[in-house]
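See structure below.
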Protein chains: 2
Amino acid sequence: MPDLGALLWPRTVALIGASASAESLRGRIFNVMRSHAFAGQLYPVSRSSAEVLGLKAYPSIADLPQPADLAVIIIPAKHVPEELERCGKAGVKSAVVLSSGFAEAVGEEGSEMQAEIRAVAQRYGMAVMGPNSEGFANIAANLCPTFSPAMEAGERPLVPAGRPRPQLAVAAQSGGIGFAFFDHGRAKELSFRYVVTTGNEACLEALDFVDFILEEGKTDALLLLLEDIKSAETFRRVAEKALKAGKPIIVNKIGQSDAGVRAAASHTAALAGAYAAYQAMFQRYGLIEGRDIGEMVDMAAGFLAWGQRLPQGRRVGICTASGGGGGWMADACTAAGLEVPELDCETRRRIDAHLPAYGTSQNPVDATAQAVFKIGYAGLAELVLPSPVVDAVIVVLTTRSAANIERQREAFTRLAETTQKPILLWSYTLPAQKSVQILSEAGLPLYTGIGNCARTMRVMADYRALRERFLRPIEVRNAPTPDKATACAALAAAGTALCEWEARPILACYGIGGNAAGALAGSAGEAVTAARAIGGPVALKAQSPDILHKTEAGAVALNLVSAQDVRAAYERVLDNARRSVPQARILGVLVQPMAPPGREIILGVKSDPTFGPMLMVGLGGVAVEVLKDVALAPVPLASSDARAMLARLKGAALLDAHRGAPPADVDALVELIVQLGQFAADHADTITEIDLNPVLVHERGKGVSVVDALIVKQKQ
Amino acid sequence: MPDLGALLWPRTVALIGASASAESLRGRIFNVMRSHAFAGQLYPVSRSSAEVLGLKAYPSIADLPQPADLAVIIIPAKHVPEELERCGKAGVKSAVVLSSGFAEAVGEEGSEMQAEIRAVAQRYGMAVMGPNSEGFANIAANLCPTFSPAMEAGERPLVPAGRPRPQLAVAAQSGGIGFAFFDHGRAKELSFRYVVTTGNEACLEALDFVDFILEEGKTDALLLLLEDIKSAETFRRVAEKALKAGKPIIVNKIGQSDAGVRAAASHTAALAGAYAAYQAMFQRYGLIEGRDIGEMVDMAAGFLAWGQRLPQGRRVGICTASGGGGGWMADACTAAGLEVPELDCETRRRIDAHLPAYGTSQNPVDATAQAVFKIGYAGLAELVLPSPVVDAVIVVLTTRSAANIERQREAFTRLAETTQKPILLWSYTLPAQKSVQILSEAGLPLYTGIGNCARTMRVMADYRALRERFLRPIEVRNAPTPDKATACAALAAAGTALCEWEARPILACYGIGGNAAGALAGSAGEAVTAARAIGGPVALKAQSPDILHKTEAGAVALNLVSAQDVRAAYERVLDNARRSVPQARILGVLVQPMAPPGREIILGVKSDPTFGPMLMVGLGGVAVEVLKDVALAPVPLASSDARAMLARLKGAALLDAHRGAPPADVDALVELIVQLGQFAADHADTITEIDLNPVLVHERGKGVSVVDALIVKQKQ
């Protein structure tokens with residue numbers, strides 16, 4: 001890995017393509033950089049001018065008085081590779097390529113030039129950001145090599161005035177949106193350390209910068225905007241590092257829809273994989289998905305303030321002087337999956353002592369304007385916080401008058417310092433900017449959106465719970481060690497598609513499927529004999545690696561009891577199989593006992609092009625298939641991961657006791673999911689798809705039946 | 001109905017309880033009122049002062065030189081009834097009661113005083129707002145009898161500068177939130193006509209003011225915040241009036257959650273009915289639900305600009321200079337249920353003529369900064385608008401620099417004037433306030449939230465579609481006229497609960513249930529005879545008005561074929577019935593043919609305390625019961641309403657053809673829903689509950705089977 005320190009923290013910077021024209025992007029970069037007090041040396045490089053805006057310019061990177069740590073390159077695309085080569089020769093350690101017209105452009109030429117950039121960077125070990133990047137801002141160093149108008153020096157300094165705050169960083173492929181995060185967050189008086197925009201990511205991707213930022217250890221939360229991921233391995237490593245360190249990453253993945261995928265492809269040449277797989281990865285590693293710039297910034301504000309004091313649960317106390325505002329917040333909290341319990345008697349008694357007859361202490365606590373005028377919002381929050389039935393407090397208030405907030409400044413500051421439970425504020429009126437400043441400095445995050453406020457509380461509680469689960473020592477399982485070698489050999493010997501009869505012995509190496517395999521019959525007589533040996537109603541299924549959808553082919557017969565029925569079914573399923581795929585290689589007809597009844601589940605594994613095998617679990621049955629109620633997760637999985645997957649199903653309650661039916665054997669299902677995940681992980685390079693469909697989950701204590709199985713290998 | 005014109009448009013206003021103290025609410029009202037140029041006469045009434053802030057004060061309302069049109073009352077609760085009486089005697093036509101401590105307070109006393117207020121108002125025919133109101137603002141008249149800080153005169157005038165805009169009105173029970181809508185909307189340069197906050201609604205409710213505003217005809221969209229509805233009849237009448245006039249009402253109902261209900265009850269003494277019933281009413285009449293103050297204001301902004309040019313469909317063209325922003329908007333549109341289709345070749349050709357190689361015209365159109373610099377955002381939108389595959393356009397842009405927007409002012413204005421398709425703007429950077437002003441005056445709604453922008457487009461398209469459906473002449477049905485008189489008589493003669501055998505003949509008067517009633521057997525022998533007459537497998541069900549849940553009682557036997565089985569089942573279901581409810585009055589055992597297979601549906605009617613009978617349809621089967629996939633609608637329903645209900649089910653696709661099964665007979669199901677709705681509407685005063693569960697919907701052309709039926713009458 002090249003030295004990102006040289007890129008983000010250079011002492012000497014060369015601006016290649018420097019211009020004095022304020023109208024051009026080149027001129028704008030120069031202006032943005034000069035408007036901040038960067039302590040290092042800035043060298044304009046220009047072929048045409050000996051001086052740019054009062055600074056001596058150099059005709060070539062080779063002519064600088066000392067090698068630059070960082071070259072900022074904004075020249076026409078076609079000259080970039082050769083310029084980068086010159087930089088390499090001149091000993092430049094890193095570069096930001098802001099020029100456009102590479103892999104994102106129509107035609108082959110741009111992609112070829114991008115490949116050249118990668119090659120040059122590797123040859124010289126240079127850290128290269130871009131091309132098609134909008135640059136970055138190292139706010140801590142006052143270094144802003146970007147043409148983003150959001151980084152122009154203005155009325156608002158780069159960091160909030162007053163005491164230093166926890167710091168936020170942005171890593172985005174898109175420059176426009178990357179700097180928009182800064183714009184939104186700075187208006188809310190958040191303190192940013194870095195904004196990094198990586199464009200086409202020919203060499204370095206956004207996650208490489210996240211890695212650097214985590215290693216540096218001075219940033220408390222990150223905003224990440226992804227169009228694609230170049231290396232799943234980097235994602236896993238960096239995401240795990242962030243989760244271990246307790247540095248939340250709030251993420252949006254562009255390309256959740258088909259139109260979004262089209263946009264990403266043409267924008268930063270991103271080849272987006274399936275969004276569902278991204279989402280499964282985010283869920284596994286605790287990345288928090290946001291849907292809007294404002295929402296992501298609002299979530300970050302919560303984590304910056306309460307990272308060390310996240311809510312221990314989802315129970316919220318709401319207090320306010322606006323009954324309508326409190327009621328609305330209660331609805332918003334409920335919609336966000338939080339609980340708003342009635343407060344305990346002791347807490348209510350303490351609150352009631354301050355309320356007029358037309359106030360209420362139940363929760364939401366409507367203290368009325370009269371009481372709040374006396375005890376203040378901070379005083380009100382302090383009355384609610386000790387309640388044993390709440391994990392956090394939301395104060396609903398108006399911050400329109402800065403004078404009112406100023407008057408309570410000390411109380412707010414003390415409240416933020418002393419509370420052990422997080423507090424969020426929602427202002428139903430728009431805050432005066434001075435109110436925002438006071439509350440930010442006090443350490444209390446202020447929201448103008450009711451939904452963002454409630455959802456921030458929810459994701460803070462979820463993040464804490466997920467992280468605690470992640471940090472717990474891995475469970476020790478008593479399951480027998482899978483026979484990986486046997487499975488490997490059998491897989492290697494098999495064809496591309498493995499029908500149930502072929503797949504079962506391989507799955508059995510991992511304990512999957514039990515002993516319900518049945519017998520393969522080569523004649524109607526053999527089928528009758530097998531059925532007789534089973535002794536109850538049986539199923540017959542034609543077995544062929546060329547017929548993967550047996551039911552549709554009519555190659556399955558169920559619930560056969562008499563010898564006559566078995567015989568007839570034998571001929572029928574074979575006929576249908578042959579008719580459906582005339583050239584099919586047919587191994588025989590599988591005779592199996594009918595599985596006892598159970599809840600129908602679909603289990604599967606599919607190889608995602610970016611992240612490898614993803615395990616899918618869904619509730620079966622026609623009704624739920626239509627509703628597409630499935631959950632996805634990367635493999636392997638711990639049993640706690642499997643349980644979390646099941647909990648994500650909308651119809652999870654189907655596995656509980658209901659309508660007089662006993663609860664399903666969820667433990668056995670979890671065990672099966674873990675086994676399947678292990679199998680998929682062990683054979684990730686060989687297998688592209690596994691289907692266990694249906695799986696019947698019997699009542700508690702009676703296990704599961706894998707009723708059908710199919711494995712598809714990767715094409716060689 | 002008392003004269004709301006006197007209340008909202010008084011020429012003379014008395015302020016009862018006037019005070020000069022700027023710290024008190026009384027003093028604040030006076031200050032707020034005096035800070036705006038109200039053209040009428042303002043009379044302070046004060047027992048203690050002969051003058052308030054330079055204005056002659058009067059000791060009593062009786063002493064004014066002329067009767068006041070409006071009395072603004074802010075004195076302790078206990079004096080309010082007598083003061084209102086004095087107002088009545090003095091010929092005052094209307095009053096706003098801002099005092100608190102009535103029905104929302106603990107104890108009986110407040111409720112009693114509130115009843116007195118109502119009585120006095122009725123006696124004198126006075127229009128009374130409140131008590132516990134925060135007053136109102138008639139912005140068109142510069143009249144602001146309220147202590148809301150949002151209405152204090154400040155830097156920002158009450159209405160936007162520049163050309164007059166379409167006007168917005170707010171009606172809210174909650175004062176704090178009511179005026180917060182003004183605060184949020186005014187910051188977005190929206191023009192408000194009224195803000196009305198109704199508090200406890202002892203006499204007038206929010207919808208009465210909506211009615212007045214609609215009749216006046218000068219307001220183009222309304223924001224409505226409800227805690228409850230006092231009169232369902234008013235709701236129906238006013239909502240229908242708004243829909244006919246094409247004046248969208250954007251609504252939030254506080255008390256969607258249990259905690260929200262608690263809050264509303266203690267806040268404005270609202271007795272909230274079930275939120276689901278409110279939601280069904282909103283859906284029927286096209287009220288648009290918003291979840292956040294900002295979202296509701298943003299939706300209003302869309303309607304204010306495009307009320308006469310709403311999108312004809314859900315297809316959106318997106319254009320931008322930010323690839324990342326365009327991609328994100330495409331995702332947001334898809335999430336909001338909009339479509340982002342690839343543009344047609346002709347349109348692409350026109351756009352491509354302006355793009356560099358690294359731009360794209362597919363949709364989202366990423367024109368790149370270079371092209372936008374040349375043709376401007378308006379020019380870009382004009383290239384996309386004519387495409388036959390889009391109904392609307394969203395421009396993704398940056399409005400951080402007011403100078404950039406100012407430069408394009410004329411082009412934006414022309415664009416807004418000439419387009420026949422609506423255009424929304426999303427700025428990913430925060431806009432300069434001057435940008436907001438320019439774009440508002442140009443007539444182009446500007447969004448800072450991506451979700452709000454996409455959802456606004458969606459609800460505009462939905463509103464247009466719903467309104468067109470609503471305005472279409474009522475369909476003529478060929479169905480036979482129901483025999484209401486017979487049903488009435490039979491219902492009157494029946495007991496409180498009607499079992500299937502009793503309910504069927506009554507439902508049959510409306511064509512519900514068909515002829516599958518079967519026969520009632522009084523002995524095992526009769527049951528066998530009935531089964532033989534049917535000739536196929538039968539079901540047996542014990543019939544008793546005292547056993548409403550037959551399956552749970554074991555009082556049902558299915559799929560009986562042999563005489564022996566029928567005989568045994570007869571005894572068994574009777575035994576079980578008697579064991580489950582020993583005192584049950586048992587009418588006999590119903591013998592019915594087994595219904596042919598079909599999709600399982602639940603149909604029911606329940607009487608909502610606020611809105612009367614609500615029809616419920618849901619997909620049956622254990623899986624979907626767990627997922628609670630149901631839709632609700634008020635009765636009666638047209639068949640288009642019934643179809644809209646079915647479309648709201650998440651599992652609606654279950655009724656389509658799938659897995660080789662033919663499509664279900666949706667027409668027959670719709671007919672059944674309409675019949676049931678008519679029945680429920682005709683007997684709303686008698687019936688409290690109807691259950692048709694299950695209903696089996698057979699394949700197309702084969703109708704439906706009502707497999708079980710139950711009616712519960714209201715307690716006398």
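So you can find residues: chains in the structure tokens are A, B, ... in the order shown, residues in each start at 1, and ligands are numbered from 1 in order.
Proximity to Leu654 (chain A) at 10 Å, evaluated using only C-alpha atoms and with sequence-adjacent residues fewer than 3 positions away removed, yields Arg599, Glu600, Leu619, Leu649, Lys650, Gly651, Ala657, His658, Pro663 and Ala664 of chain A; Val622, Ala623, Val624, Glu625, Val626 and Leu627 of chain B.
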Next item on the list: Please return, as JSON, numbers by chain, all residues of chain B lying within 7 Å of chain A when only C-alpha atoms are considered.
Entry: {"B": [101, 104, 105, 106, 174, 176, 177, 180, 183, 184, 254, 255, 256, 257, 259, 260, 263, 264, 266, 267, 292, 294, 322, 323, 324, 325, 326, 327, 328, 330, 331, 334, 340, 357, 358, 359, 360, 364, 428, 429, 430, 449, 450, 451, 623, 624, 626, 627, 650, 651, 653, 654]}
Would you write out those residues with C-alpha atoms, as a short mmCIF file (atom, residue, chain, number, x, y, z; two decimals), in the first residue's frame?
```
data_model
loop_
_atom_site.label_atom_id
_atom_site.label_comp_id
_atom_site.auth_asym_id
_atom_site.auth_seq_id
_atom_site.Cartn_x
_atom_site.Cartn_y
_atom_site.Cartn_z
CA GLY B 101 -56.70 24.61 32.00
CA GLU B 104 -56.88 18.91 28.94
CA ALA B 105 -56.29 19.40 32.69
CA VAL B 106 -56.48 16.79 35.43
CA SER B 174 -51.52 22.18 18.31
CA GLY B 176 -46.70 25.18 18.72
CA ILE B 177 -46.67 22.93 15.69
CA ALA B 180 -43.90 25.85 13.20
CA ASP B 183 -41.78 29.02 10.33
CA HIS B 184 -40.54 26.19 8.08
CA ILE B 254 -51.04 12.74 15.95
CA GLY B 255 -51.71 9.58 17.90
CA GLN B 256 -50.64 6.93 15.41
CA SER B 257 -48.95 5.04 18.24
CA ALA B 259 -47.83 6.81 23.21
CA GLY B 260 -49.03 9.37 20.66
CA ALA B 263 -50.12 12.52 24.36
CA ALA B 264 -53.08 13.75 22.31
CA SER B 266 -53.66 14.87 27.66
CA HIS B 267 -52.77 17.68 25.28
CA ASP B 292 -42.58 15.46 9.27
CA GLY B 294 -40.42 19.67 6.65
CA SER B 322 -23.48 15.65 -10.63
CA GLY B 323 -23.31 11.98 -11.55
CA GLY B 324 -23.45 10.99 -7.90
CA GLY B 325 -26.41 13.25 -7.23
CA GLY B 326 -28.28 11.94 -10.27
CA GLY B 327 -27.70 8.35 -9.26
CA TRP B 328 -28.83 8.99 -5.71
CA ALA B 330 -32.70 7.77 -9.26
CA ASP B 331 -32.55 5.51 -6.19
CA THR B 334 -37.45 4.30 -7.23
CA VAL B 340 -36.86 6.44 -14.07
CA ALA B 357 -17.84 12.12 -24.06
CA TYR B 358 -17.93 11.60 -20.30
CA GLY B 359 -21.56 12.74 -19.94
CA THR B 360 -24.61 10.53 -20.48
CA PRO B 364 -30.40 10.13 -15.14
CA TYR B 428 -27.43 18.73 -2.83
CA THR B 429 -25.63 21.68 -1.30
CA LEU B 430 -27.55 23.93 1.07
CA GLY B 449 -34.02 16.66 1.09
CA ILE B 450 -33.77 14.05 -1.63
CA GLY B 451 -36.53 11.89 -0.16
CA ALA B 623 -48.52 -16.83 6.59
CA VAL B 624 -50.31 -13.67 5.65
CA VAL B 626 -48.82 -13.18 10.63
CA LEU B 627 -47.79 -10.46 8.19
CA LYS B 650 -48.65 -6.13 -0.30
CA GLY B 651 -49.52 -9.59 -1.51
CA ALA B 653 -49.91 -10.37 -6.76
CA LEU B 654 -51.25 -13.55 -5.13
#
```
Margin query: Can you tell me, as a PyMOL selection string, which residues in region 358-522 of chain A count as helix (DSSP H, G or I) by DSSP?
Written below: chain A and resi 368-384+402-407+409-418+433-442+450-471+484-493+500-508
Next item on the list: For CA of Arg123 (chain B) and CA of Arg47 (chain B), quote the distance in Å rounded to one decimal.
Entry: 25.6 Å
Next item on the list: Find the residues near region 603-613 of chain B: any atom within 10 Å, counting only C-alpha atoms, skip ones fewer than 6 places away on the same chain, and give them as a VMD selection string.
Entry: chain B and resid 228 to 233 235 to 236 271 to 274 276 to 278 280 to 281 619 to 620 630 to 636 669 672 to 673 676 to 677 679 to 681 683 to 685 687 to 695 706 709 to 712 714
Note to self: Using DSSP secondary structure from the backbone, list all strand (DSSP E or B) positions within region 539-707 of chain A, as a ChimeraX atom specification.
What the structure shows: /A:539-543,556-560,588-593,599-608,612-619,630-634,658,661,664,687-697,699,704-706
Notebook entry, point to check: Do you know which residues are at most 9 Å from Pro248 (chain B) counting only C-alpha atoms, after dropping those on the same chain fewer than 4 positions away, and could you put them as a PyMOL selection string?
Noted result: chain B and resi 220-223+242-243+286-288+300+303+307+463
Margin query: Give me, as a PyMOL selection string, all polymer residues having an atom no more than 12 Å from Arg193 (chain B), counting only C-alpha atoms and skipping those fewer than 3 positions away in the same chain.
Written below: chain B and resi 8-9+136-144+158-160+164-171+182+185-186+190+196+213+216-223
Export N, CA and C atoms of the chosen residues as an mmCIF file, in the first residue's frame?
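selection.cif, written as the output of this step:
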```cif
data_model
loop_
_atom_site.group_PDB
_atom_site.id
_atom_site.type_symbol
_atom_site.label_atom_id
_atom_site.label_comp_id
_atom_site.auth_asym_id
_atom_site.auth_seq_id
_atom_site.Cartn_x
_atom_site.Cartn_y
_atom_site.Cartn_z
ATOM 1 N N LEU B 8 -62.130 35.408 11.569
ATOM 2 C CA LEU B 8 -60.877 35.508 10.802
ATOM 3 C C LEU B 8 -60.681 36.888 10.174
ATOM 4 N N TRP B 9 -61.772 37.584 9.896
ATOM 5 C CA TRP B 9 -61.693 38.888 9.228
ATOM 6 C C TRP B 9 -62.429 39.967 10.023
ATOM 7 N N PHE B 136 -54.468 32.595 16.074
ATOM 8 C CA PHE B 136 -54.349 32.395 14.631
ATOM 9 C C PHE B 136 -53.614 33.554 14.002
ATOM 10 N N ALA B 137 -53.315 33.409 12.736
ATOM 11 C CA ALA B 137 -52.767 34.515 11.954
ATOM 12 C C ALA B 137 -53.527 34.576 10.648
ATOM 13 N N ASN B 138 -54.106 35.737 10.376
ATOM 14 C CA ASN B 138 -54.648 36.011 9.051
ATOM 15 C C ASN B 138 -53.614 36.899 8.380
ATOM 16 N N ILE B 139 -52.739 36.264 7.640
ATOM 17 C CA ILE B 139 -51.582 36.979 7.117
ATOM 18 C C ILE B 139 -52.020 37.988 6.071
ATOM 19 N N ALA B 140 -53.068 37.632 5.327
ATOM 20 C CA ALA B 140 -53.568 38.549 4.295
ATOM 21 C C ALA B 140 -54.082 39.838 4.920
ATOM 22 N N ALA B 141 -54.532 39.766 6.188
ATOM 23 C CA ALA B 141 -55.054 40.961 6.854
ATOM 24 C C ALA B 141 -54.067 41.544 7.848
ATOM 25 N N ASN B 142 -52.864 40.981 7.923
ATOM 26 C CA ASN B 142 -51.868 41.429 8.905
ATOM 27 C C ASN B 142 -52.394 41.337 10.340
ATOM 28 N N LEU B 143 -53.219 40.325 10.583
ATOM 29 C CA LEU B 143 -53.828 40.167 11.898
ATOM 30 C C LEU B 143 -53.283 38.906 12.553
ATOM 31 N N CYS B 144 -52.612 39.056 13.708
ATOM 32 C CA CYS B 144 -51.951 37.918 14.347
ATOM 33 C C CYS B 144 -52.272 37.837 15.832
ATOM 34 N N LEU B 158 -44.024 38.992 6.481
ATOM 35 C CA LEU B 158 -44.960 37.870 6.596
ATOM 36 C C LEU B 158 -45.159 37.123 5.287
ATOM 37 N N VAL B 159 -45.084 37.874 4.169
ATOM 38 C CA VAL B 159 -45.208 37.189 2.870
ATOM 39 C C VAL B 159 -43.945 37.443 2.056
ATOM 40 N N PRO B 160 -43.604 36.537 1.164
ATOM 41 C CA PRO B 160 -42.385 36.700 0.362
ATOM 42 C C PRO B 160 -42.439 37.973 -0.472
ATOM 43 N N PRO B 164 -46.844 38.027 -6.276
ATOM 44 C CA PRO B 164 -47.676 37.209 -5.398
ATOM 45 C C PRO B 164 -47.600 35.726 -5.801
ATOM 46 N N ARG B 165 -47.651 34.850 -4.794
ATOM 47 C CA ARG B 165 -47.572 33.393 -5.047
ATOM 48 C C ARG B 165 -48.915 32.743 -4.711
ATOM 49 N N PRO B 166 -49.099 31.526 -5.168
ATOM 50 C CA PRO B 166 -50.236 30.743 -4.676
ATOM 51 C C PRO B 166 -50.119 30.633 -3.154
ATOM 52 N N GLN B 167 -51.260 30.569 -2.479
ATOM 53 C CA GLN B 167 -51.246 30.672 -1.024
ATOM 54 C C GLN B 167 -51.575 29.359 -0.323
ATOM 55 N N LEU B 168 -51.015 29.254 0.876
ATOM 56 C CA LEU B 168 -51.094 28.044 1.691
ATOM 57 C C LEU B 168 -51.786 28.409 2.993
ATOM 58 N N ALA B 169 -52.533 27.465 3.565
ATOM 59 C CA ALA B 169 -53.126 27.699 4.878
ATOM 60 C C ALA B 169 -52.803 26.524 5.790
ATOM 61 N N VAL B 170 -52.719 26.806 7.076
ATOM 62 C CA VAL B 170 -52.454 25.781 8.086
ATOM 63 C C VAL B 170 -53.634 25.730 9.045
ATOM 64 N N ALA B 171 -54.130 24.533 9.333
ATOM 65 C CA ALA B 171 -55.116 24.361 10.399
ATOM 66 C C ALA B 171 -54.603 23.254 11.301
ATOM 67 N N PHE B 182 -45.593 27.428 9.636
ATOM 68 C CA PHE B 182 -45.339 28.747 9.050
ATOM 69 C C PHE B 182 -43.843 29.039 9.044
ATOM 70 N N GLY B 185 -42.144 26.884 6.401
ATOM 71 C CA GLY B 185 -42.568 27.217 5.046
ATOM 72 C C GLY B 185 -42.108 28.595 4.624
ATOM 73 N N ARG B 186 -42.130 29.522 5.574
ATOM 74 C CA ARG B 186 -41.722 30.877 5.245
ATOM 75 C C ARG B 186 -40.231 30.924 4.903
ATOM 76 N N LEU B 190 -42.472 30.294 0.971
ATOM 77 C CA LEU B 190 -43.862 30.004 0.634
ATOM 78 C C LEU B 190 -44.729 31.139 1.163
ATOM 79 N N VAL B 196 -54.186 28.715 11.576
ATOM 80 C CA VAL B 196 -55.282 28.628 12.527
ATOM 81 C C VAL B 196 -54.965 27.509 13.503
ATOM 82 N N ILE B 213 -62.095 28.240 4.516
ATOM 83 C CA ILE B 213 -60.990 28.594 3.615
ATOM 84 C C ILE B 213 -61.276 28.094 2.199
ATOM 85 N N GLU B 216 -63.918 30.291 0.629
ATOM 86 C CA GLU B 216 -63.341 31.576 0.246
ATOM 87 C C GLU B 216 -62.624 31.470 -1.091
ATOM 88 N N GLY B 217 -61.957 30.308 -1.319
ATOM 89 C CA GLY B 217 -61.405 30.027 -2.644
ATOM 90 C C GLY B 217 -60.098 30.713 -2.974
ATOM 91 N N LYS B 218 -59.413 31.268 -1.983
ATOM 92 C CA LYS B 218 -58.160 31.979 -2.293
ATOM 93 C C LYS B 218 -56.918 31.208 -1.865
ATOM 94 N N THR B 219 -57.107 30.000 -1.388
ATOM 95 C CA THR B 219 -55.996 29.197 -0.872
ATOM 96 C C THR B 219 -55.828 27.974 -1.764
ATOM 97 N N ASP B 220 -54.588 27.625 -2.097
ATOM 98 C CA ASP B 220 -54.355 26.569 -3.085
ATOM 99 C C ASP B 220 -53.936 25.236 -2.507
ATOM 100 N N ALA B 221 -53.501 25.235 -1.242
ATOM 101 C CA ALA B 221 -53.158 23.966 -0.589
ATOM 102 C C ALA B 221 -53.277 24.185 0.905
ATOM 103 N N LEU B 222 -53.535 23.104 1.632
ATOM 104 C CA LEU B 222 -53.717 23.221 3.082
ATOM 105 C C LEU B 222 -52.860 22.211 3.827
ATOM 106 N N LEU B 223 -52.328 22.651 4.952
ATOM 107 C CA LEU B 223 -51.644 21.749 5.873
ATOM 108 C C LEU B 223 -52.561 21.545 7.077
#
```
Check: Residues at most 12 Å from Lys434 (chain B), counting only C-alpha atoms, excluding those fewer than 5 positions away in the same chain, as a ChimeraX atom specification?
Finding: /B:160-161,187-189,399-406,409,439-441
Next item on the list: Write out as a PyMOL selection string each polymer residue whose atoms come within 9 Å of Ile506 (chain B), counting only C-alpha atoms; drop sequence neighbours fewer than 5 positions from it.
Entry: chain B and resi 486-488+490-491+512
Resulting file, chosen residues, N, CA and C atoms, as a CSV table (one decimal), in the first residue's frame:
```
chain,number,residue,atom,x,y,z
B,486,THR,N,-86.3,-6.5,3.8
B,486,THR,CA,-86.3,-7.9,4.3
B,486,THR,C,-85.1,-8.0,5.3
B,487,ALA,N,-83.9,-7.5,4.9
B,487,ALA,CA,-82.7,-7.6,5.7
B,487,ALA,C,-82.9,-6.9,7.0
B,488,CYS,N,-83.5,-5.7,7.0
B,488,CYS,CA,-83.8,-4.9,8.2
B,488,CYS,C,-84.7,-5.7,9.1
B,490,ALA,N,-85.2,-8.9,9.3
B,490,ALA,CA,-84.6,-10.1,9.8
B,490,ALA,C,-83.5,-9.7,10.9
B,491,LEU,N,-82.8,-8.6,10.7
B,491,LEU,CA,-81.8,-8.2,11.6
B,491,LEU,C,-82.5,-7.8,12.9
B,512,ILE,N,-75.0,-11.6,-1.3
B,512,ILE,CA,-73.7,-12.1,-0.7
B,512,ILE,C,-73.8,-13.5,-0.3
```
